[in-house]
Protein chains: 4
Amino acid sequence: MLNVALLGAGRIGQVHAESMTATRDSRVVAVADVNREAAEALAARIGAAARSVDEIIADPAIDAVLIATSTDTHSDLITRATQAGKAVLCEKPVDLSLERALTTLAAAEATGRPVMIGFNRRFDPNFAALKAGFDQGRIGKGELLSITSFDPAPPPVEYVRVSGGLFRDMMIHDFDMACWLFGGPPARLTAHGAALVDPAIGEAGDVDTAAVTMVWGDGRIAVIKNSRRAAYGYDQRVEILGEKGLLSARNVLENTVEALTAYGAVAAKPLHFFLERYMRAYQIEWQAFLDAVTQDRPMPVTLREGVAALACAEAATRSLATGTTISLTPGMLG
Amino acid sequence: MLNVALLGAGRIGQVHAESMTATRDSRVVAVADVNREAAEALAARIGAAARSVDEIIADPAIDAVLIATSTDTHSDLITRATQAGKAVLCEKPVDLSLERALTTLAAAEATGRPVMIGFNRRFDPNFAALKAGFDQGRIGKGELLSITSFDPAPPPVEYVRVSGGLFRDMMIHDFDMACWLFGGPPARLTAHGAALVDPAIGEAGDVDTAAVTMVWGDGRIAVIKNSRRAAYGYDQRVEILGEKGLLSARNVLENTVEALTAYGAVAAKPLHFFLERYMRAYQIEWQAFLDAVTQDRPMPVTLREGVAALACAEAATRSLATGTTISLTPGMLG
Amino acid sequence: MLNVALLGAGRIGQVHAESMTATRDSRVVAVADVNREAAEALAARIGAAARSVDEIIADPAIDAVLIATSTDTHSDLITRATQAGKAVLCEKPVDLSLERALTTLAAAEATGRPVMIGFNRRFDPNFAALKAGFDQGRIGKGELLSITSFDPAPPPVEYVRVSGGLFRDMMIHDFDMACWLFGGPPARLTAHGAALVDPAIGEAGDVDTAAVTMVWGDGRIAVIKNSRRAAYGYDQRVEILGEKGLLSARNVLENTVEALTAYGAVAAKPLHFFLERYMRAYQIEWQAFLDAVTQDRPMPVTLREGVAALACAEAATRSLATGTTISLTPGMLG
Amino acid sequence: MLNVALLGAGRIGQVHAESMTATRDSRVVAVADVNREAAEALAARIGAAARSVDEIIADPAIDAVLIATSTDTHSDLITRATQAGKAVLCEKPVDLSLERALTTLAAAEATGRPVMIGFNRRFDPNFAALKAGFDQGRIGKGELLSITSFDPAPPPVEYVRVSGGLFRDMMIHDFDMACWLFGGPPARLTAHGAALVDPAIGEAGDVDTAAVTMVWGDGRIAVIKNSRRAAYGYDQRVEILGEKGLLSARNVLENTVEALTAYGAVAAKPLHFFLERYMRAYQIEWQAFLDAVTQDRPMPVTLREGVAALACAEAATRSLATGTTISLTPGMLG
């Protein structure tokens with residue numbers, strides 16, 4: 001039984017609180033948030049204490065923290081928590097600044113404490129089955145990877161402005177998926193994108209529709225497509241072409257009902273958004289973190305991998321800005 | 001190259017004419033129809049002569065006839081054509097009267113000439129693949145067979161009156177499918193049905209919705225469901241549960257397009273009716289007949305099998321009328 | 001917050017215990033079992049007390065009981081608990097004896113206390129969506145209902161001997177599904193069946209493969225197929241043909257991964273058995289019971305409906321034994 | 001009834017001969033081929049005369065020619081045939097040299113004679129239905145187009161050497177598909193590729209696996225993926241994300257049979273290659289050409305569109321060679 005604290009009581013913090021309290025392997029003893037009331041409300045609901053971040057980090061009785069605060073605080077909290085000897089599970093992305101993330105990586109690795117980055121999709125049972133089948137050689141060596149990842153609706157432009165942009169905020173999941181499936185970061189990538197959904201997103205300097213092509217040193221290719229809007233819900237598909245065939249993970253639908261009428265065959269839509277689609281993944285993610293910490297095994301998603309995904313996002317941002325292909329240098333990967 | 005004649009220039013005769021003229025293995029030399037104008041029009045279109053049935057049967061240069069006339073003439077024409085030494089492909093059903101069909105069977109078998117009954121579904125590539133997979137043991141021994149067979153819309157009640165009823169006119173295809181897949185006729189069957197689609201069909205003494213359960217001597221079961229109306233088109237599905245799994249053939253859709261919108265995922269309907277669904281099957285059927293005749297091999301569907309399907313229809317008719325289970329006696333099977 | 005007791009700490013009792021402790025709307029205060037150790041172990045795990053059935057029924061502080069004991073105790077416990085003023089959720093079937101179930105129905109209704117029967121499938125989100133779509137008129141009036149319900153593997157023959165037979169133990173779920181979807185019990189039904197999977201089941205006087213056809217007074221038909229063995233897992237499908245189309249609920253698959261290779265397109269199997277498929281349904285069922293009790297609303301599944309399903313099972317048993325169609329009389333329905 | 005000649009009696013010429021002889025709207029009067037024996041054999045089979053190209057072009061009784069000769073002769077034959085007043089249907093690609101194709105375009109347009117390029121996929125009923133649905137506004141304005149196009153197995157490297165490379169030989173179909181769906185050629189594109197399937201293809205200076213991203217002036221994006229090898233057959237899929245949803249065309253499978261066993265659910269593979277998948281499309285293509293010629297309507301695929309697809313291939317070739325994004329200039333489009 002690990003004593004854990006939750007840093008961040010916002011939407012994603014509350015999602016994690018569900019998982020953290022559902023297992024018998026961890027006990028949430030403290031919740032912190034810059035909004036004290038939010039921390040107190042959540043703490044009350046789950047039987048924990050609302051405390052400050054400083055108190056939590058200083059408390060030797062707390063074994064691990066889950067960082068679900070705003071992105072600009074991640075680096076600092078990872079560094080402080082690991083230096084205080086705690087295990088850390090931090091939401092993605094590590095940081096909006098690759099430079100700062102690299103500094104954090106060095107500092108955290110120096111402590112030897114385990115840090116995991118919360119790329120929830122790796123724990124989705126469907127993508128996990130895809131990965132397992134791929135690693136078992138069902139289609140032989142991978143050659144051409146495709147990731148389709150569309151959100152149901154764009155966020156408010158206020159959010160877009162502080163998000164770090166589509167590549168750091170949204171496609172970072174897909175960068176991690178590609179690096180995970182293909183065993184490490186690509187050699188180079190090229191990004192294309194436009195604001196087709198909401199002109200205000202374009203005015204804020206971001207895109208809402210994008211395609212990135214990643215190329216590995218041995219020629220393998222991955223294509224990622226993102227859109228901030230899919231009228232039918234959350235579209236989350238992956239497929240890999242390999243020497244022996246195609247392995248794919250399709251969407252999870254709302255239900256299995258089909259109506260076949262004069263208008264055609266109408267089936268259900270994909271689950272609406274990440275809360276519906278990945279609730280189970282969040283639970284598995286938390287358990288995987290606990291298991292790794294208590295059994296002293298490697299983190300299922302390392303901080304270094306979190307930095308690699310950020311490096312891809314950084315490269316994509318530069319590629320889009322310059323209209324050129326960007327190579328990922330060793331210096332970008334830590 | 002076989003010289004063949006087509007008896008019947010109505011809708012189904014015209015369908016067969018397409019297949020008969022598309023192959024290089026047969027030459028249609030004559031067409032007959034009680035409606036002389038219809039015979040002449042079709043004959044002109046396909047480069048054949050319009051002749052009477054008597055002339056055709058008397059002409060030793062004609063090797064084979066395809067009987068696509070009205071059902072009440074089938075028995076007589078099969079008997080006369082075989083006695084004249086011709087090979088025969090006759091549309092289903094053999095007859096509306098089981099007694100008369102049994103007489104025809106005896107007469108035709110006495111001639112030793114080949115007679116095939118046109119159960120087109122056996123030649124559909126999908127059902128043929130199902131049968132092949134089943135016979136290859138993909139699911140081991142069969143236990144529970146399900147046949148779903150719905151027409152898109154009911155025929156005019158005038159047609160229903162002369163059709164011999166749903167069991168002899170429509171479900172006869174499914175009786176043959178069940179006997180074909182399970183290797184012979186069942187020991188007994190029970191029928192249920194009602195006129196739910198069109199009350200006029202009920203007033204004409206027939207049903208438009210029916211379910212029949214067939215049981216073989218070793219306990220295997222088949223369930224057939226029929227409806228004269230499926231608002232979405234022609235529903236033609238078969239599935240077999242066996243000791244090692246389930247083997248099924250799904251519908252063939254109009255196209256592979258899917259629209260995924262806020263209203264759900266809309267795919268295409270099944271092909272509308274038998275002309276769309278089984279056009280290819282009719283071609284394969286005709287070629288299979290030609291191949292069997294010219295290579296002196298057994299008919300792909302024997303007259304005896306046609307009689308067995310009719311015996312099932314007869315039993316179902318009696319079962320529905322009496323509310324009891326009816327056994328198929330040897331005397332019903334010829 | 002309702003104080004509830006769990007009667008029965010076996011497999012299905014433990015399943016219910018998960019749901020009963022996951023909600024904030026009920027507090028499990030007591031667990032009883034004829035096996036005292038089992039009761040104590042489960043009680044300890046969920047923070048309840050192990051008590052005797054007598055104590056629980058006598059305790060006015062307990063508002064409701066969930067009966068998950070062996071079937072032969074259901075009637076007695078329903079009667080005693082309702083007479084003690086408690087709300088009851090009882091596992092299916094009500095009883096193996098229709099006669100005794102009718103007595104229980106009369107006794108329970110006399111108390112005015114709410115009794116719900118645990119037909120879990122009604123609470124499966126897929127079947128619930130099917131029912132909602134049907135009730136909303138997506139396919140108009142229903143005409144022909146098909147239920148496919150196969151277990152992955154047959155139970156031990158020892159279980160079969162005390163189960164009451166396939167119709168009372170297994171198909172009872174499908175009888176309830178049919179009555180639920182078509183708005184009440186049928187007028188009559190016919191059963192066919194055999195022991196095709198395990199001869200020992202036949203020697204024990206039961207069947208393992210069965211098909212039942214139900215007919216309503218207005219001619220509507222339902223066909224139920226059951227098998228104790230599906231090599232691929234738990235097959236749970238429903239489809240309704242109506243005047244405007246076909247509404248169906250397909251299986252829930254283990255995952256959405258597909259491997260497309262030289263051997264074909266391989267997708268995942270259905271979820272293996274009822275624990276995998278219906279875990280969520282059990283949770284929703286319990287919550288539905290709590291909501292109905294606390295808000296004083298009608299039970300989502302009444303005891304009377306549980307008796308109707310049992311009457312269908314009784315009729316099917318007689319039909320199979322006699323080879324005739326059996327009518328459901330008012331006396332069988334209470 | 002048009003008198004037509006077939007130039008080229010090789011594999012694709014023979015495919016076209018099937019369609020040309022199946023319709024009553026054209027009569028194939030002549031066949032030419034550099035291999036005189038091949039021309040004679042095919043001519044004999046379809047009841048035409050084997051003649052030289054010069055004779056055919058000089059014969060005023062021949063209304064139209066179908067050019068199915070080797071690619072290096074296309075430009076010359078288009079020019080000569082149109083100057084001789086004939087209507088032309090020419091196989092893709094127009095030429096391997098964009099410069100020469102532009103000269104041909106100018107020459108052919110000067111004659112005012114109709115020229116159609118044989119992009120067969122536009123006539124596939126599935127892609128035609130996709131296009132119709134898109135044009136009808138089922139998903140509103142298109143934003144992100146994805147084309148997956150994999151051949152079952154790579155061609156011999158000898159073929160690769162003279163093919164003009166994957167972009168001109170294979171992806172040219174997809175370039176045309178993208179331009180057709182999005183209403184004209186893109187503003188720029190970026191190509192990535194490698195020889196992952198067969199190193200000999202790499203040694204011959206070509207790639208066998210490629211991804212191209214096309215961007216239109218208004219920001220719309222198309223991603224095309226090609227591979228010379230899909231172990232499971234011919235993979236031909238298109239999907240368009242639009243403001244109101246996703247419209248897709250899936251593969252056409254060999255049959256509708258599914259085997260559900262302990263190993264999973266095994267469905268059929270896609271139709272093996274273009275002959276299986278597009279045989280019907282070739283027939284529709286030829287009829288569309290005939291209809292347009294006889295009714296004096298615009299060609300369904302213009303020579304100008306054929307040049308645009310070639311310009312995309314040229315740009316992709318340059319992009320791959322230089323590692324940069326290439327803009328399509330007006331000079332490249334004629």
# chains A, B, ... in the order shown; residues from 1 in each chain; ligands from 1

call {"tool": "closest_atom_pairs", "arguments": {"of": "chain D", "to": "chain A", "cutoff": "7 Å", "atoms": "only C-alpha atoms", "output": "tab-separated table"}}
result
residue	atom	partner	partner_atom	distance
D:Glu143	CA	A:Leu196	CA	6.9
D:Ala194	CA	A:Gly219	CA	5.3
D:Leu196	CA	A:Gly219	CA	6.9
D:Gly219	CA	A:Ala194	CA	5.3
D:Ala230	CA	A:Gly245	CA	5.9
D:Ala231	CA	A:Gly245	CA	5.1
D:Tyr232	CA	A:Gly245	CA	6.0
D:Glu243	CA	A:Ala231	CA	6.9
D:Lys244	CA	A:Ala231	CA	5.2
D:Gly245	CA	A:Ala231	CA	5.1
D:Thr324	CA	A:Thr324	CA	6.2
D:Thr325	CA	A:Thr324	CA	6.9

call {"tool": "select_by_dssp", "arguments": {"residues": "segment 198-245 of chain C", "states": "strand (DSSP E)", "output": "ChimeraX atom specification"}}
result
/C:209-215,221-227,235-242,245

call {"tool": "atom_distance", "arguments": {"atom1": "atom CA of Asn126 of chain B", "atom2": "atom CA of His16 of chain B"}}
result
20.2 Å

call {"tool": "residues_around", "arguments": {"residues": "Ile326 of chain C", "least_positions_apart": "5", "cutoff": "10 Å", "atoms": "only C-alpha atoms", "output": "PyMOL selection string"}}
result
chain C and resi 187-191+214+312+314-320

call {"tool": "residues_around", "arguments": {"residues": "Asp296 of chain A", "least_positions_apart": "4", "cutoff": "9 Å", "atoms": "only C-alpha atoms", "output": "MDAnalysis selection string"}}
result
chainID A and resid 114 291:292

call {"tool": "write_last_selection", "arguments": {"atoms": "C-alpha atoms", "output": "compact mmCIF listing (two decimals), in the first residue's frame"}}
result
# COMPACT_ATOMS: atom_id res chain seq x y z
CA PRO A 114 11.32 6.55 -11.01
CA ASP A 291 3.19 -2.17 -9.76
CA ALA A 292 6.42 -0.81 -11.22

call {"tool": "select_by_dssp", "arguments": {"residues": "segment 171-317 of chain C", "states": "alpha helix (DSSP H)", "output": "VMD selection string"}}
result
chain C and resid 172 to 181 199 to 203 274 to 294 303 to 317

call {"tool": "write_last_selection", "arguments": {"atoms": "N, CA and C atoms", "output": "compact mmCIF listing (two decimals), in the first residue's frame"}}
result
# COMPACT_ATOMS: atom_id res chain seq x y z
N ILE C 172 -33.92 -19.23 -19.74
CA ILE C 172 -34.82 -18.34 -19.01
C ILE C 172 -34.46 -16.88 -19.25
N HIS C 173 -33.16 -16.61 -19.42
CA HIS C 173 -32.72 -15.25 -19.76
C HIS C 173 -33.33 -14.81 -21.09
N ASP C 174 -33.35 -15.72 -22.03
CA ASP C 174 -33.85 -15.39 -23.37
C ASP C 174 -35.36 -15.28 -23.38
N PHE C 175 -36.02 -16.12 -22.57
CA PHE C 175 -37.47 -15.98 -22.44
C PHE C 175 -37.80 -14.59 -21.91
N ASP C 176 -37.05 -14.17 -20.90
CA ASP C 176 -37.32 -12.83 -20.36
C ASP C 176 -37.03 -11.76 -21.41
N MET C 177 -35.94 -11.92 -22.15
CA MET C 177 -35.59 -10.95 -23.20
C MET C 177 -36.72 -10.84 -24.21
N ALA C 178 -37.26 -11.98 -24.63
CA ALA C 178 -38.34 -11.98 -25.62
C ALA C 178 -39.59 -11.32 -25.06
N CYS C 179 -39.94 -11.68 -23.83
CA CYS C 179 -41.15 -11.09 -23.22
C CYS C 179 -40.98 -9.59 -23.01
N TRP C 180 -39.77 -9.20 -22.64
CA TRP C 180 -39.46 -7.78 -22.41
C TRP C 180 -39.59 -7.00 -23.72
N LEU C 181 -39.00 -7.53 -24.78
CA LEU C 181 -38.99 -6.80 -26.05
C LEU C 181 -40.38 -6.79 -26.69
N PRO C 199 -22.85 -36.09 -24.39
CA PRO C 199 -23.85 -37.16 -24.19
C PRO C 199 -24.26 -37.31 -22.73
N ALA C 200 -23.36 -37.00 -21.82
CA ALA C 200 -23.69 -37.13 -20.40
C ALA C 200 -24.84 -36.21 -20.02
N ILE C 201 -24.93 -35.07 -20.71
CA ILE C 201 -26.04 -34.16 -20.45
C ILE C 201 -27.35 -34.82 -20.88
N GLY C 202 -27.29 -35.52 -22.00
CA GLY C 202 -28.46 -36.27 -22.43
C GLY C 202 -28.83 -37.36 -21.45
N GLU C 203 -27.81 -38.06 -20.95
CA GLU C 203 -28.09 -39.12 -19.98
C GLU C 203 -28.69 -38.56 -18.70
N PHE C 274 -20.18 -14.60 -19.15
CA PHE C 274 -21.06 -13.56 -18.61
C PHE C 274 -20.36 -12.59 -17.67
N LEU C 275 -19.32 -13.05 -16.97
CA LEU C 275 -18.62 -12.13 -16.08
C LEU C 275 -17.97 -11.01 -16.88
N GLU C 276 -17.35 -11.36 -18.00
CA GLU C 276 -16.71 -10.35 -18.85
C GLU C 276 -17.78 -9.48 -19.53
N ARG C 277 -18.78 -10.15 -20.07
CA ARG C 277 -19.75 -9.41 -20.85
C ARG C 277 -20.68 -8.56 -20.00
N TYR C 278 -21.10 -9.09 -18.86
CA TYR C 278 -22.17 -8.41 -18.12
C TYR C 278 -21.75 -7.75 -16.81
N MET C 279 -20.44 -7.61 -16.55
CA MET C 279 -20.02 -6.98 -15.30
C MET C 279 -20.63 -5.60 -15.15
N ARG C 280 -20.61 -4.84 -16.25
CA ARG C 280 -21.18 -3.50 -16.20
C ARG C 280 -22.70 -3.59 -15.98
N ALA C 281 -23.33 -4.59 -16.59
CA ALA C 281 -24.77 -4.76 -16.45
C ALA C 281 -25.15 -5.01 -14.98
N TYR C 282 -24.33 -5.78 -14.28
CA TYR C 282 -24.62 -6.04 -12.86
C TYR C 282 -24.58 -4.75 -12.05
N GLN C 283 -23.64 -3.89 -12.39
CA GLN C 283 -23.55 -2.61 -11.67
C GLN C 283 -24.78 -1.76 -11.93
N ILE C 284 -25.17 -1.69 -13.20
CA ILE C 284 -26.33 -0.87 -13.55
C ILE C 284 -27.59 -1.47 -12.94
N GLU C 285 -27.68 -2.80 -12.91
CA GLU C 285 -28.83 -3.48 -12.32
C GLU C 285 -29.00 -3.11 -10.85
N TRP C 286 -27.89 -3.16 -10.12
CA TRP C 286 -27.97 -2.86 -8.70
C TRP C 286 -28.39 -1.41 -8.48
N GLN C 287 -27.81 -0.50 -9.28
CA GLN C 287 -28.16 0.90 -9.14
C GLN C 287 -29.63 1.12 -9.49
N ALA C 288 -30.11 0.41 -10.50
CA ALA C 288 -31.52 0.55 -10.91
C ALA C 288 -32.44 0.09 -9.79
N PHE C 289 -32.04 -0.97 -9.12
CA PHE C 289 -32.81 -1.46 -7.98
C PHE C 289 -32.83 -0.41 -6.87
N LEU C 290 -31.66 0.10 -6.53
CA LEU C 290 -31.58 1.12 -5.46
C LEU C 290 -32.43 2.34 -5.81
N ASP C 291 -32.29 2.79 -7.06
CA ASP C 291 -33.04 3.98 -7.47
C ASP C 291 -34.54 3.75 -7.35
N ALA C 292 -34.98 2.59 -7.79
CA ALA C 292 -36.43 2.30 -7.75
C ALA C 292 -36.92 2.23 -6.31
N VAL C 293 -36.12 1.60 -5.44
CA VAL C 293 -36.52 1.48 -4.04
C VAL C 293 -36.57 2.85 -3.38
N THR C 294 -35.50 3.62 -3.53
CA THR C 294 -35.43 4.89 -2.81
C THR C 294 -36.40 5.92 -3.38
N LEU C 303 -41.36 -9.31 -10.10
CA LEU C 303 -41.45 -10.73 -9.76
C LEU C 303 -42.42 -11.43 -10.73
N ARG C 304 -43.47 -10.73 -11.09
CA ARG C 304 -44.44 -11.28 -12.05
C ARG C 304 -43.76 -11.60 -13.39
N GLU C 305 -42.85 -10.74 -13.79
CA GLU C 305 -42.12 -11.00 -15.04
C GLU C 305 -41.18 -12.20 -14.87
N GLY C 306 -40.63 -12.31 -13.67
CA GLY C 306 -39.80 -13.48 -13.41
C GLY C 306 -40.60 -14.78 -13.48
N VAL C 307 -41.84 -14.70 -13.01
CA VAL C 307 -42.73 -15.88 -13.10
C VAL C 307 -43.08 -16.18 -14.55
N ALA C 308 -43.29 -15.14 -15.35
CA ALA C 308 -43.64 -15.34 -16.77
C ALA C 308 -42.51 -16.06 -17.50
N ALA C 309 -41.28 -15.65 -17.21
CA ALA C 309 -40.14 -16.32 -17.86
C ALA C 309 -40.09 -17.79 -17.44
N LEU C 310 -40.39 -18.02 -16.17
CA LEU C 310 -40.41 -19.41 -15.67
C LEU C 310 -41.54 -20.21 -16.33
N ALA C 311 -42.65 -19.54 -16.57
CA ALA C 311 -43.76 -20.22 -17.24
C ALA C 311 -43.36 -20.63 -18.65
N CYS C 312 -42.60 -19.78 -19.31
CA CYS C 312 -42.09 -20.13 -20.65
C CYS C 312 -41.17 -21.35 -20.56
N ALA C 313 -40.31 -21.36 -19.55
CA ALA C 313 -39.40 -22.49 -19.39
C ALA C 313 -40.17 -23.77 -19.11
N GLU C 314 -41.21 -23.65 -18.31
CA GLU C 314 -42.07 -24.79 -18.00
C GLU C 314 -42.75 -25.31 -19.27
N ALA C 315 -43.26 -24.38 -20.07
CA ALA C 315 -43.91 -24.77 -21.32
C ALA C 315 -42.92 -25.42 -22.27
N ALA C 316 -41.71 -24.89 -22.34
CA ALA C 316 -40.70 -25.45 -23.23
C ALA C 316 -40.33 -26.86 -22.79
N THR C 317 -40.22 -27.04 -21.51
CA THR C 317 -39.89 -28.36 -20.97
C THR C 317 -40.97 -29.36 -21.36

call {"tool": "residues_around", "arguments": {"residues": "Ala49 of chain D", "least_positions_apart": "2", "cutoff": "8 Å", "atoms": "only C-alpha atoms", "output": "list in words"}}
result
Val29, Ala30, Val31, Glu40, Ala43, Ala44, Gly47 and Arg51 of chain D

call {"tool": "write_last_selection", "arguments": {"atoms": "N, CA and C atoms", "output": "PDB file, in the first residue's frame"}}
result
ATOM      1  N   VAL D  29     -13.032  -3.435 -84.587  1.00  0.00           N
ATOM      2  CA  VAL D  29     -12.766  -3.869 -85.968  1.00  0.00           C
ATOM      3  C   VAL D  29     -11.294  -4.179 -86.199  1.00  0.00           C
ATOM      4  N   ALA D  30     -10.416  -3.673 -85.329  1.00  0.00           N
ATOM      5  CA  ALA D  30      -8.988  -3.904 -85.572  1.00  0.00           C
ATOM      6  C   ALA D  30      -8.219  -3.960 -84.268  1.00  0.00           C
ATOM      7  N   VAL D  31      -7.146  -4.749 -84.283  1.00  0.00           N
ATOM      8  CA  VAL D  31      -6.236  -4.848 -83.137  1.00  0.00           C
ATOM      9  C   VAL D  31      -4.816  -4.693 -83.678  1.00  0.00           C
ATOM     10  N   GLU D  40      -2.753 -10.909 -83.708  1.00  0.00           N
ATOM     11  CA  GLU D  40      -3.579 -11.858 -84.468  1.00  0.00           C
ATOM     12  C   GLU D  40      -4.386 -12.786 -83.564  1.00  0.00           C
ATOM     13  N   ALA D  43      -7.185 -10.709 -82.008  1.00  0.00           N
ATOM     14  CA  ALA D  43      -8.147 -10.337 -83.049  1.00  0.00           C
ATOM     15  C   ALA D  43      -9.023 -11.531 -83.418  1.00  0.00           C
ATOM     16  N   ALA D  44      -8.382 -12.667 -83.574  1.00  0.00           N
ATOM     17  CA  ALA D  44      -9.146 -13.876 -83.929  1.00  0.00           C
ATOM     18  C   ALA D  44     -10.186 -14.193 -82.863  1.00  0.00           C
ATOM     19  N   GLY D  47     -13.059 -11.592 -83.114  1.00  0.00           N
ATOM     20  CA  GLY D  47     -13.679 -11.346 -84.414  1.00  0.00           C
ATOM     21  C   GLY D  47     -13.273 -10.029 -85.048  1.00  0.00           C
ATOM     22  N   ARG D  51      -4.229  -5.451 -87.596  1.00  0.00           N
ATOM     23  CA  ARG D  51      -3.714  -4.470 -88.566  1.00  0.00           C
ATOM     24  C   ARG D  51      -2.585  -3.689 -87.906  1.00  0.00           C
TER      25      ARG D  51
END

call {"tool": "residues_around", "arguments": {"residues": "Glu99 of chain D", "least_positions_apart": "3", "cutoff": "10 Å", "atoms": "only C-alpha atoms", "output": "NGL selection string"}}
result
:D and (95-96 or 102-105 or 307 or 311 or 331-332 or 334)

call {"tool": "write_last_selection", "arguments": {"atoms": "C-alpha atoms", "output": "JSON list (two decimals), in the first residue's frame"}}
result
[["chain", "number", "residue", "atom", "x", "y", "z"],
["D", 95, "ASP", "CA", 3.76, 9.72, -70.53],
["D", 96, "LEU", "CA", 6.77, 9.32, -68.26],
["D", 102, "LEU", "CA", 2.51, 18.90, -72.08],
["D", 103, "THR", "CA", 3.42, 19.00, -75.77],
["D", 104, "THR", "CA", 0.91, 16.21, -76.44],
["D", 105, "LEU", "CA", -1.76, 18.06, -74.49],
["D", 307, "VAL", "CA", -1.28, 15.64, -67.19],
["D", 311, "ALA", "CA", 2.71, 16.69, -62.69],
["D", 331, "GLY", "CA", 3.80, 25.58, -66.24],
["D", 332, "MET", "CA", 3.63, 22.03, -64.91],
["D", 334, "GLY", "CA", -0.40, 22.97, -69.09]]

call {"tool": "residues_around", "arguments": {"residues": "Gly112 of chain D", "least_positions_apart": "5", "cutoff": "10 Å", "atoms": "only C-alpha atoms", "output": "ChimeraX atom specification"}}
result
/D:82-83,85,87,107

call {"tool": "closest_residue", "arguments": {"among": "D:Asp25, D:Asp59, D:Asp208, D:Asp54", "to": "Asp76 of chain D", "atoms": "only C-alpha atoms"}}
result
D:Asp54

call {"tool": "atom_distance", "arguments": {"atom1": "atom CA of Val34 of chain C", "atom2": "atom CA of Ala58 of chain C"}}
result
17.2 Å

call {"tool": "closest_residue", "arguments": {"among": "B:Ile78, B:Ile56, B:Met116, B:Ala68", "to": "Ala5 of chain B", "atoms": "only C-alpha atoms"}}
result
B:Ile56

call {"tool": "atom_distance", "arguments": {"atom1": "atom CA of Gly118 of chain C", "atom2": "atom CA of Asp33 of chain C"}}
result
18.8 Å
